[in-house]
>>> print(open('data-v7.cif').read())   # mmCIF, C-alpha atoms and all ligand atoms
data_model
loop_
_atom_site.label_atom_id
_atom_site.label_comp_id
_atom_site.auth_asym_id
_atom_site.auth_seq_id
_atom_site.Cartn_x
_atom_site.Cartn_y
_atom_site.Cartn_z
CA MET A 1 64.10 -48.53 83.56
CA THR A 2 60.64 -48.79 81.98
CA VAL A 3 60.73 -50.24 78.48
CA LEU A 4 57.86 -50.36 76.01
CA ILE A 5 58.06 -53.31 73.61
CA THR A 6 55.47 -53.17 70.83
CA GLY A 7 54.30 -56.27 68.98
CA GLY A 8 55.37 -58.46 71.90
CA ALA A 9 52.64 -61.05 71.29
CA GLY A 10 53.97 -61.77 67.81
CA PHE A 11 56.73 -64.09 66.68
CA ILE A 12 59.96 -62.14 67.26
CA GLY A 13 58.41 -59.84 69.87
CA SER A 14 57.49 -62.74 72.18
CA HIS A 15 61.11 -63.95 72.18
CA VAL A 16 62.35 -60.43 72.92
CA ILE A 17 59.83 -60.02 75.75
CA ARG A 18 60.84 -63.34 77.34
CA LEU A 19 64.54 -62.49 77.13
CA PHE A 20 64.06 -59.03 78.72
CA VAL A 21 61.62 -60.20 81.42
CA GLU A 22 63.90 -63.06 82.48
CA LYS A 23 67.17 -61.13 82.25
CA TYR A 24 66.28 -57.66 83.55
CA LEU A 25 64.42 -58.27 86.79
CA ASP A 26 64.67 -54.58 87.76
CA TYR A 27 63.14 -53.32 84.51
CA GLU A 28 59.44 -52.78 84.03
CA ILE A 29 58.57 -54.34 80.67
CA ILE A 30 55.33 -53.20 79.01
CA ASN A 31 54.11 -55.23 76.04
CA LEU A 32 51.80 -53.22 73.78
CA ASP A 33 50.04 -55.34 71.17
CA ASN A 34 46.75 -55.10 69.34
CA LEU A 35 46.46 -58.91 69.03
CA THR A 36 45.89 -59.05 65.28
CA TYR A 37 45.72 -62.49 63.63
CA ALA A 38 49.52 -62.67 64.23
CA GLY A 39 49.46 -61.76 67.92
CA ASN A 40 48.96 -64.58 70.39
CA LEU A 41 49.18 -64.36 74.18
CA GLU A 42 49.75 -68.13 74.30
CA ASN A 43 53.29 -67.27 73.17
CA LEU A 44 53.91 -65.70 76.59
CA ARG A 45 51.97 -67.92 79.03
CA ASP A 46 55.16 -68.98 80.84
CA ILE A 47 56.13 -65.41 81.82
CA GLU A 48 52.79 -63.56 81.98
CA ALA A 49 52.62 -63.62 85.79
CA ARG A 50 56.09 -62.16 86.32
CA PRO A 51 56.04 -58.97 88.44
CA ASN A 52 58.19 -57.03 85.94
CA TYR A 53 55.82 -57.72 83.01
CA THR A 54 52.57 -56.03 81.95
CA PHE A 55 50.50 -56.65 78.82
CA ILE A 56 48.42 -53.83 77.35
CA LYS A 57 46.10 -54.38 74.42
CA GLY A 58 46.21 -51.36 72.15
CA ASP A 59 46.68 -50.11 68.63
CA VAL A 60 49.76 -48.14 67.56
CA ASN A 61 47.50 -46.45 64.98
CA ASP A 62 45.49 -44.79 67.76
CA ALA A 63 47.51 -41.62 68.44
CA LEU A 64 45.35 -40.47 71.36
CA PHE A 65 45.66 -43.82 73.10
CA ILE A 66 49.43 -43.86 72.53
CA ASP A 67 49.82 -40.36 74.00
CA LYS A 68 47.83 -41.39 77.10
CA LEU A 69 49.97 -44.50 77.48
CA PHE A 70 53.13 -42.37 77.43
CA GLN A 71 51.63 -40.05 80.05
CA ARG A 72 50.79 -42.99 82.30
CA TYR A 73 54.17 -44.71 81.99
CA LYS A 74 57.35 -42.69 81.80
CA PHE A 75 59.09 -44.87 79.23
CA ASP A 76 62.87 -44.73 79.10
CA GLY A 77 63.00 -46.72 75.91
CA VAL A 78 60.88 -48.18 73.14
CA ILE A 79 61.64 -51.32 71.16
CA HIS A 80 59.24 -51.17 68.25
CA LEU A 81 58.35 -54.46 66.58
CA ALA A 82 54.59 -54.10 65.99
CA ALA A 83 53.96 -54.32 62.28
CA GLU A 84 52.10 -56.01 59.50
CA SER A 85 54.86 -58.42 58.50
CA HIS A 86 53.77 -60.71 55.65
CA VAL A 87 54.74 -59.78 52.09
CA ASP A 88 51.87 -61.74 50.47
CA ARG A 89 49.29 -59.91 52.58
CA SER A 90 50.87 -56.57 51.66
CA ILE A 91 50.29 -57.35 47.97
CA LYS A 92 46.55 -57.80 48.69
CA ASP A 93 46.14 -54.82 51.04
CA PRO A 94 48.97 -52.24 50.90
CA LEU A 95 47.07 -49.62 52.89
CA ALA A 96 46.92 -51.79 56.02
CA PHE A 97 50.73 -51.80 55.88
CA VAL A 98 50.97 -48.03 55.45
CA LYS A 99 48.67 -47.55 58.44
CA THR A 100 50.42 -49.76 60.95
CA ASN A 101 54.00 -49.67 59.70
CA VAL A 102 54.23 -46.00 58.76
CA ILE A 103 51.55 -44.10 60.70
CA GLY A 104 51.86 -46.38 63.75
CA THR A 105 55.60 -45.74 63.85
CA ILE A 106 55.10 -41.97 63.52
CA ASN A 107 52.57 -42.05 66.37
CA LEU A 108 55.20 -43.68 68.60
CA LEU A 109 57.89 -41.23 67.49
CA ASN A 110 55.60 -38.29 68.31
CA ALA A 111 54.77 -39.76 71.71
CA CYS A 112 58.49 -40.18 72.49
CA LYS A 113 59.26 -36.66 71.34
CA ASN A 114 56.45 -35.15 73.44
CA SER A 115 57.08 -37.27 76.50
CA TRP A 116 60.87 -36.87 76.53
CA ASN A 117 60.52 -33.15 75.79
CA ASP A 118 64.18 -32.60 74.77
CA ASP A 119 65.50 -34.48 77.82
CA PHE A 120 67.03 -37.37 75.94
CA GLU A 121 69.48 -38.64 78.56
CA ASN A 122 69.34 -42.44 78.71
CA LYS A 123 66.41 -42.47 76.28
CA ARG A 124 66.24 -44.57 73.12
CA PHE A 125 63.81 -45.41 70.30
CA TYR A 126 64.81 -48.72 68.73
CA HIS A 127 63.17 -49.55 65.41
CA ILE A 128 63.19 -53.19 64.30
CA SER A 129 63.39 -53.28 60.53
CA THR A 130 64.12 -55.67 57.71
CA ASP A 131 66.74 -56.36 55.05
CA GLU A 132 63.93 -56.16 52.46
CA VAL A 133 64.28 -52.35 52.45
CA TYR A 134 67.42 -52.81 50.31
CA GLY A 135 65.46 -54.49 47.50
CA THR A 136 66.98 -57.44 45.74
CA LEU A 137 70.51 -58.68 45.08
CA GLY A 138 71.63 -60.49 41.95
CA GLN A 139 73.57 -63.75 42.22
CA THR A 140 76.44 -62.06 44.11
CA GLY A 141 77.03 -59.30 46.68
CA LEU A 142 75.77 -58.60 50.19
CA PHE A 143 73.61 -55.89 51.79
CA SER A 144 75.64 -53.56 54.01
CA GLU A 145 74.46 -50.68 56.19
CA THR A 146 75.25 -48.27 53.32
CA THR A 147 73.36 -50.13 50.58
CA PRO A 148 70.80 -47.68 49.12
CA TYR A 149 67.15 -48.38 49.91
CA ASP A 150 65.26 -49.87 46.95
CA PRO A 151 62.14 -51.63 48.27
CA ASN A 152 60.01 -53.70 45.89
CA SER A 153 56.92 -54.85 47.81
CA PRO A 154 54.29 -52.79 49.62
CA TYR A 155 55.59 -54.40 52.84
CA SER A 156 59.20 -53.40 52.26
CA ALA A 157 58.16 -49.95 51.00
CA SER A 158 56.26 -49.40 54.26
CA LYS A 159 59.23 -50.58 56.36
CA ALA A 160 61.62 -48.39 54.33
CA SER A 161 59.32 -45.43 54.88
CA SER A 162 59.18 -46.02 58.62
CA ASP A 163 63.01 -46.29 58.76
CA HIS A 164 63.22 -42.91 56.99
CA PHE A 165 60.84 -41.34 59.50
CA VAL A 166 62.86 -42.66 62.43
CA ARG A 167 66.03 -41.18 60.94
CA ALA A 168 64.23 -37.92 60.17
CA TYR A 169 63.13 -37.59 63.82
CA GLY A 170 66.76 -38.13 64.81
CA GLU A 171 68.00 -35.43 62.44
CA THR A 172 65.17 -32.95 63.01
CA TYR A 173 64.36 -33.32 66.71
CA ASN A 174 67.54 -35.06 68.00
CA LEU A 175 65.45 -38.06 69.03
CA PRO A 176 67.91 -40.79 70.06
CA TYR A 177 67.39 -43.87 67.91
CA VAL A 178 68.91 -47.06 66.58
CA ILE A 179 67.66 -49.20 63.68
CA THR A 180 68.44 -52.81 62.84
CA ASN A 181 67.72 -54.45 59.49
CA CYS A 182 67.45 -58.20 59.89
CA SER A 183 67.17 -61.13 57.52
CA ASN A 184 64.55 -63.92 57.56
CA ASN A 185 63.85 -65.28 61.04
CA TYR A 186 62.67 -68.80 61.81
CA GLY A 187 61.96 -70.61 65.06
CA GLU A 188 59.31 -71.32 67.69
CA ASN A 189 55.95 -69.46 67.62
CA GLN A 190 56.14 -68.20 64.03
CA PHE A 191 52.70 -67.87 62.46
CA PRO A 192 52.24 -70.58 59.80
CA GLU A 193 51.82 -68.21 56.86
CA LYS A 194 55.62 -67.84 56.52
CA LEU A 195 57.58 -70.43 54.55
CA ILE A 196 59.04 -72.68 57.28
CA PRO A 197 56.08 -73.05 59.69
CA LEU A 198 53.61 -73.20 56.77
CA PHE A 199 55.51 -76.09 55.24
CA ILE A 200 55.94 -77.87 58.61
CA ASN A 201 52.16 -77.68 59.11
CA ASN A 202 51.45 -78.86 55.56
CA ILE A 203 53.83 -81.81 55.89
CA ILE A 204 52.16 -82.83 59.17
CA HIS A 205 48.81 -82.88 57.31
CA ASN A 206 50.17 -84.33 54.05
CA LYS A 207 49.17 -81.20 52.14
CA PRO A 208 50.99 -79.83 49.05
CA LEU A 209 54.06 -77.61 49.66
CA PRO A 210 53.46 -74.55 47.43
CA VAL A 211 56.90 -73.43 46.18
CA TYR A 212 56.66 -70.08 44.38
CA GLY A 213 58.11 -69.90 40.83
CA ASP A 214 61.11 -72.13 40.22
CA GLY A 215 62.16 -72.18 43.90
CA ASN A 216 65.52 -70.60 43.09
CA TYR A 217 64.97 -67.57 45.32
CA THR A 218 67.53 -67.11 48.07
CA ARG A 219 67.09 -65.93 51.66
CA ASP A 220 69.48 -65.61 54.62
CA TRP A 221 67.98 -67.40 57.64
CA LEU A 222 68.50 -66.55 61.31
CA TYR A 223 67.22 -68.40 64.39
CA VAL A 224 64.80 -66.10 66.22
CA GLN A 225 66.47 -66.46 69.63
CA ASP A 226 69.74 -65.26 68.10
CA HIS A 227 67.86 -62.22 66.77
CA ALA A 228 66.49 -61.54 70.28
CA VAL A 229 70.04 -61.63 71.69
CA ALA A 230 71.16 -59.16 69.00
CA ILE A 231 68.25 -56.86 69.87
CA ASP A 232 69.24 -56.89 73.56
CA LEU A 233 72.81 -56.02 72.60
CA VAL A 234 71.90 -53.19 70.22
CA TYR A 235 69.35 -51.75 72.66
CA HIS A 236 71.97 -51.52 75.40
CA LYS A 237 75.24 -51.05 73.50
CA GLY A 238 74.37 -49.78 70.01
CA VAL A 239 75.65 -46.32 69.07
CA ASN A 240 73.04 -43.59 68.80
CA ALA A 241 71.78 -42.79 65.26
CA GLU A 242 73.45 -45.87 63.79
CA THR A 243 71.99 -48.82 61.94
CA TYR A 244 73.14 -52.42 62.18
CA ASN A 245 72.45 -55.26 59.77
CA ILE A 246 71.66 -58.60 61.41
CA GLY A 247 71.92 -61.87 59.47
CA GLY A 248 72.67 -65.52 59.87
CA PHE A 249 75.64 -65.85 57.48
CA ASN A 250 73.32 -68.55 56.17
CA GLU A 251 72.01 -68.34 52.60
CA TRP A 252 69.64 -70.96 51.23
CA LYS A 253 67.81 -71.32 47.94
CA ASN A 254 64.15 -71.94 48.84
CA ILE A 255 64.08 -75.31 47.09
CA ASP A 256 67.20 -76.56 48.91
CA LEU A 257 65.82 -75.38 52.24
CA VAL A 258 62.49 -77.10 51.56
CA LYS A 259 64.29 -80.36 50.70
CA LEU A 260 66.29 -80.20 53.96
CA LEU A 261 63.07 -79.51 55.87
CA CYS A 262 61.38 -82.48 54.16
CA LYS A 263 64.28 -84.75 55.10
CA GLN A 264 64.23 -83.69 58.76
CA MET A 265 60.42 -84.01 58.90
CA ASP A 266 60.53 -87.55 57.46
CA THR A 267 62.95 -88.54 60.23
CA LYS A 268 60.93 -86.88 63.02
CA LEU A 269 57.62 -88.31 61.78
CA PHE A 270 59.10 -91.78 61.12
CA ARG A 271 58.00 -91.53 57.49
CA LYS A 272 59.66 -93.20 54.52
CA GLU A 273 62.57 -91.10 53.19
CA GLY A 274 61.36 -88.92 50.31
CA SER A 275 57.67 -88.95 51.26
CA SER A 276 57.57 -85.25 52.27
CA GLU A 277 59.48 -84.23 49.11
CA ASP A 278 56.67 -85.79 47.08
CA LEU A 279 54.43 -83.01 48.42
CA ILE A 280 56.48 -80.25 46.71
CA THR A 281 54.28 -78.42 44.20
CA TYR A 282 55.49 -75.50 42.09
CA VAL A 283 52.87 -72.73 42.05
CA LYS A 284 52.41 -69.27 40.51
CA ASP A 285 55.17 -66.88 41.56
CA ARG A 286 54.77 -64.03 44.05
CA PRO A 287 54.49 -60.72 42.10
CA GLY A 288 57.65 -58.60 42.45
CA HIS A 289 59.42 -61.53 44.12
CA ASP A 290 62.92 -60.44 45.25
CA LEU A 291 65.52 -62.89 43.89
CA ARG A 292 68.04 -62.84 46.70
CA TYR A 293 68.71 -61.33 50.12
CA ALA A 294 72.07 -61.74 51.85
CA ILE A 295 73.38 -59.75 54.77
CA ASP A 296 76.87 -58.59 55.60
CA ALA A 297 76.57 -58.72 59.40
CA SER A 298 80.21 -57.85 60.05
CA LYS A 299 79.43 -54.48 61.70
CA ILE A 300 77.39 -55.96 64.56
CA LYS A 301 79.94 -58.80 64.83
CA ASP A 302 82.98 -56.51 64.97
CA LYS A 303 81.50 -53.62 67.01
CA LEU A 304 79.21 -55.48 69.41
CA GLY A 305 80.60 -59.01 69.36
CA TRP A 306 77.36 -60.66 68.21
CA GLU A 307 77.26 -63.89 66.25
CA PRO A 308 74.56 -66.51 65.64
CA SER A 309 74.80 -69.31 68.22
CA VAL A 310 73.25 -72.21 66.32
CA THR A 311 73.78 -73.71 62.89
CA PHE A 312 70.81 -73.79 60.54
CA GLU A 313 70.51 -77.58 60.81
CA GLU A 314 70.37 -77.33 64.64
CA GLY A 315 67.94 -74.40 64.62
CA LEU A 316 65.67 -76.07 62.10
CA GLU A 317 65.60 -79.28 64.12
CA LYS A 318 64.70 -77.37 67.33
CA THR A 319 61.99 -75.55 65.37
CA ILE A 320 60.47 -78.75 63.96
CA GLU A 321 60.51 -80.35 67.41
CA TRP A 322 58.74 -77.32 68.89
CA TYR A 323 55.94 -77.47 66.30
CA LEU A 324 55.53 -81.23 66.78
CA ASP A 325 55.40 -80.76 70.57
CA ASN A 326 52.94 -77.86 70.30
CA LYS A 327 50.22 -79.23 68.04
CA VAL A 328 47.52 -77.55 70.14
CA TRP A 329 49.14 -74.13 69.50
CA LEU A 330 49.39 -74.97 65.80
CA ASN A 331 45.79 -76.23 65.57
CA ASN A 332 44.48 -73.15 67.40
CA VAL A 333 46.19 -70.69 65.08
CA THR A 334 45.24 -72.59 61.91
CA SER A 335 41.54 -72.85 62.68
CA GLY A 336 38.93 -70.20 61.90
CA GLN A 337 40.08 -67.24 59.79
CA TYR A 338 43.35 -68.93 58.81
CA GLN A 339 41.44 -71.41 56.64
CA SER A 340 39.82 -68.69 54.54
CA TYR A 341 43.17 -66.86 54.17
CA TYR A 342 44.79 -70.09 52.99
CA GLU A 343 41.99 -71.00 50.54
CA ASN A 344 41.92 -67.49 49.14
CA HIS A 345 45.69 -67.15 48.76
CA TYR A 346 46.66 -70.56 47.44
CA ASN A 347 43.59 -71.50 45.41
CA ASN A 348 43.30 -68.45 43.21
P1 LIG B 401 54.43 -60.86 63.51
O1 LIG B 401 53.49 -60.59 62.39
O2 LIG B 401 54.62 -62.26 63.99
O3 LIG B 401 53.99 -60.01 64.80
C1 LIG B 401 53.59 -58.67 64.71
C2 LIG B 401 52.93 -58.31 66.04
O4 LIG B 401 52.52 -56.93 65.95
C3 LIG B 401 51.67 -59.13 66.36
O5 LIG B 401 51.67 -59.54 67.70
C4 LIG B 401 50.53 -58.14 66.11
O6 LIG B 401 49.38 -58.40 66.91
C5 LIG B 401 51.19 -56.81 66.44
N1 LIG B 401 50.53 -55.69 65.75
C6 LIG B 401 50.24 -55.61 64.43
N2 LIG B 401 49.61 -54.45 64.17
C7 LIG B 401 49.52 -53.78 65.35
C8 LIG B 401 48.98 -52.53 65.72
N3 LIG B 401 48.37 -51.73 64.82
N4 LIG B 401 49.09 -52.14 67.02
C9 LIG B 401 49.69 -52.94 67.94
N5 LIG B 401 50.19 -54.15 67.64
C10 LIG B 401 50.12 -54.56 66.36
O7 LIG B 401 55.80 -60.20 63.08
P2 LIG B 401 57.30 -60.68 63.34
O8 LIG B 401 57.67 -61.62 62.28
O9 LIG B 401 57.46 -61.04 64.75
O10 LIG B 401 58.07 -59.31 63.04
C11 LIG B 401 58.25 -58.35 64.09
C12 LIG B 401 59.00 -57.16 63.51
O11 LIG B 401 60.25 -57.59 62.99
C13 LIG B 401 58.28 -56.46 62.36
O12 LIG B 401 58.48 -55.08 62.49
C14 LIG B 401 58.97 -56.99 61.12
O13 LIG B 401 58.91 -56.05 60.07
C15 LIG B 401 60.38 -57.19 61.62
N6 LIG B 401 61.16 -58.25 60.96
C16 LIG B 401 60.66 -59.51 60.83
C17 LIG B 401 61.45 -60.51 60.25
C18 LIG B 401 60.96 -61.91 60.10
O14 LIG B 401 61.64 -62.73 59.44
N7 LIG B 401 59.84 -62.30 60.68
C19 LIG B 401 62.75 -60.20 59.80
C20 LIG B 401 63.22 -58.88 59.94
C21 LIG B 401 62.42 -57.91 60.53
O1 LIG B 402 63.95 -60.76 54.98
C1 LIG B 402 63.22 -60.44 56.13
C2 LIG B 402 61.75 -60.67 55.89
O2 LIG B 402 61.58 -62.09 55.85
C3 LIG B 402 60.85 -60.06 56.96
O3 LIG B 402 60.98 -58.67 56.93
C4 LIG B 402 59.38 -60.44 56.71
O4 LIG B 402 58.57 -59.95 57.76
C5 LIG B 402 59.29 -61.95 56.67
O5 LIG B 402 57.97 -62.33 56.34
C6 LIG B 402 60.26 -62.54 55.64
O6 LIG B 402 59.85 -62.20 54.28
P1 LIG B 402 59.87 -63.28 53.09
O7 LIG B 402 58.90 -62.85 52.07
O8 LIG B 402 61.26 -63.56 52.67
O9 LIG B 402 59.35 -64.58 53.92
P2 LIG B 402 58.31 -65.75 53.51
O10 LIG B 402 58.40 -66.78 54.58
O11 LIG B 402 56.96 -65.21 53.15
O12 LIG B 402 58.96 -66.34 52.18
C7 LIG B 402 60.29 -66.86 52.17
C8 LIG B 402 60.59 -67.31 50.75
O13 LIG B 402 59.77 -68.46 50.45
C9 LIG B 402 60.26 -66.27 49.70
O14 LIG B 402 61.21 -66.36 48.63
C10 LIG B 402 58.89 -66.68 49.18
C11 LIG B 402 58.92 -68.20 49.32
N1 LIG B 402 57.59 -68.83 49.61
C12 LIG B 402 56.86 -68.35 50.65
C13 LIG B 402 55.63 -68.89 50.94
C14 LIG B 402 54.78 -68.35 52.08
C15 LIG B 402 57.15 -69.90 48.85
O15 LIG B 402 57.84 -70.36 47.92
N2 LIG B 402 55.93 -70.43 49.13
C16 LIG B 402 55.14 -69.96 50.14
O16 LIG B 402 54.01 -70.48 50.33
#
>>> encode(input="data-v7.cif", output="structure tokens", more="lines below")
Ligand code: NAD
Ligand code: DAU
Amino acid sequence: MTVLITGGAGFIGSHVIRLFVEKYLDYEIINLDNLTYAGNLENLRDIEARPNYTFIKGDVNDALFIDKLFQRYKFDGVIHLAAESHVDRSIKDPLAFVKTNVIGTINLLNACKNSWNDDFENKRFYHISTDEVYGTLGQTGLFSETTPYDPNSPYSASKASSDHFVRAYGETYNLPYVITNCSNNYGENQFPEKLIPLFINNIIHNKPLPVYGDGNYTRDWLYVQDHAVAIDLVYHKGVNAETYNIGGFNEWKNIDLVKLLCKQMDTKLFRKEGSSEDLITYVKDRPGHDLRYAIDASKIKDKLGWEPSVTFEEGLEKTIEWYLDNKVWLNNVTSGQYQSYYENHYNN
């Protein structure tokens, strides 16, 4: 079995790569990643020398390159995670999201279609998507697999579009596919532009914690290694042409989450209780900010037997410990270009 995993140097992708490389010794795992600001080979140092693992630097937007890659390797399956993934960046530069998330996905779909040439036995295209495609919930209700798509940000619009293309290739060309729509991930190796690692880094450096709007926005949080386990399960056991929602059964208002994070950070850093909370600063809201996401993950639980393995408090503690133990990683990714992104985004 030769499996192409795209975006494997990123946050979720690196956890998926590690799980597959360690668990499936007889698979050949190819990691295709363009190493954008979010891609980091340091995430995979511990497994890079394994005989069943190969890294290839390349761009999913380059159709010719992708076709050649599919001629060189006869892939049995693709797990597609490569994407532009940050909502705030999508508001500044929507086209970058259309290119990678839509066109890049279509390039991979075309390569699968051409390379598999109607012989779809034991073949699978697995598209990793997001709960943001469903838009926003009010104070009640949950997203299910049949919730209509209603994306609100350029990021979620690009992910919704790519989901539609995957389904269309299934309907039109019989391409075997599965899609999962997952809630907010947190954990080791997440780039510190997203809420949790950004705030951990700011607390370490005693910098303000920029809470958007009134902080009453709600997200459903899932530990990244539990997401990787779900991806393994869906890749191997998911039913063709189906979608599965993945979530943590774990809703938090941003402000409550930030207060819990502050409390845990004070303990870990031996700081006076309440000192991190003093850093909370309410800032201008994100345009088009979705009020609430919450996932009904009962389908994947009932059909495939998946459930999150850690509580949020445990997962958050592990995450904080990882960042405190990996200050070199954190310093490396927050030097250089990161500084100008941060200044530009938070000071305007
Ligand atoms: P990330 O930004 O950490 O990593 C994305 C990876 O894709 C990086 O390694 C980057 O170098 C690579 N990449 C970007 N553009 C590329 C291109 N043109 N060609 C090749 N590689 C390219 O993202 P993440 O948070 O790990 O998310 C991975 C996937 O999961 C995305 O598709 C995202 O939409 C989805 N997702 C993320 C979350 C979350 O909470 N982070 C939740 C649900 C779904
Ligand atoms: O729901 C799944 C999605 O979760 C994924 O598809 C995306 O790739 C991922 O980035 C994430 O999107 P969010 O926009 O929810 O994540 P983010 O960490 O950017 O923000 C989480 C919440 O915290 C959101 O309500 C905005 C708020 N926030 C975020 C930042 C970066 C702040 O209040 N301040 C901040 O500085």
>>> residues_near_ligand(input="data-v7.cif", ligand="ligand LIG 401 (chain B)", cutoff="6 Å", atoms="only C-alpha atoms and all ligand atoms", output="VMD selection string")
chain A and resid 7 to 13 33 to 36 38 to 39 58 to 61 81 to 85 100 128 to 130 182 to 185
>>> residues_near_ligand(input="data-v7.cif", ligand="ligand LIG 402 (chain B)", cutoff="9 Å", atoms="all atoms listed in the file", output="number ranges by chain")
A: 83-88, 129-133, 155-156, 159, 181-186, 192-199, 209-221, 253-255, 258, 282-283, 285-286, 289-294, 346
>>> closest_residue(input="data-v7.cif", among="A:Leu304, A:Asn101, A:Thr319, A:Trp252", to="A:Asp232", atoms="all atoms listed in the file")
A:Leu304
>>> closest_residue(input="data-v7.cif", among="A:Ala160, A:Leu4, A:Leu257, A:Val234", to="A:Lys299", atoms="all atoms listed in the file")
A:Val234
>>> residues_around(input="data-v7.cif", residues="A:Asn326", least_positions_apart="3", cutoff="12 Å", atoms="all atoms listed in the file", output="list in words")
Glu42, Asn43, Glu188, Asn189, Gln190, Asn201, Thr319, Ile320, Glu321, Trp322, Tyr323, Trp329, Leu330, Asn331, Asn332 and Val333 of chain A
>>> closest_residue(input="data-v7.cif", among="A:Leu108, A:Ala297, A:Ile203, A:Ile17", to="A:Ile5", atoms="all atoms listed in the file")
A:Ile17
>>> closest_residue(input="data-v7.cif", among="A:Gly187, A:Gly288, A:Gly77, A:Gly138", to="A:Ser153", atoms="only C-alpha atoms")
A:Gly288
>>> residues_around(input="data-v7.cif", residues="A:Thr311", least_positions_apart="4", cutoff="10 Å", atoms="only C-alpha atoms", output="list in words")
Leu222, Tyr223, Gly248, Phe249, Asn250, Gly315, Leu316 and Glu317 of chain A
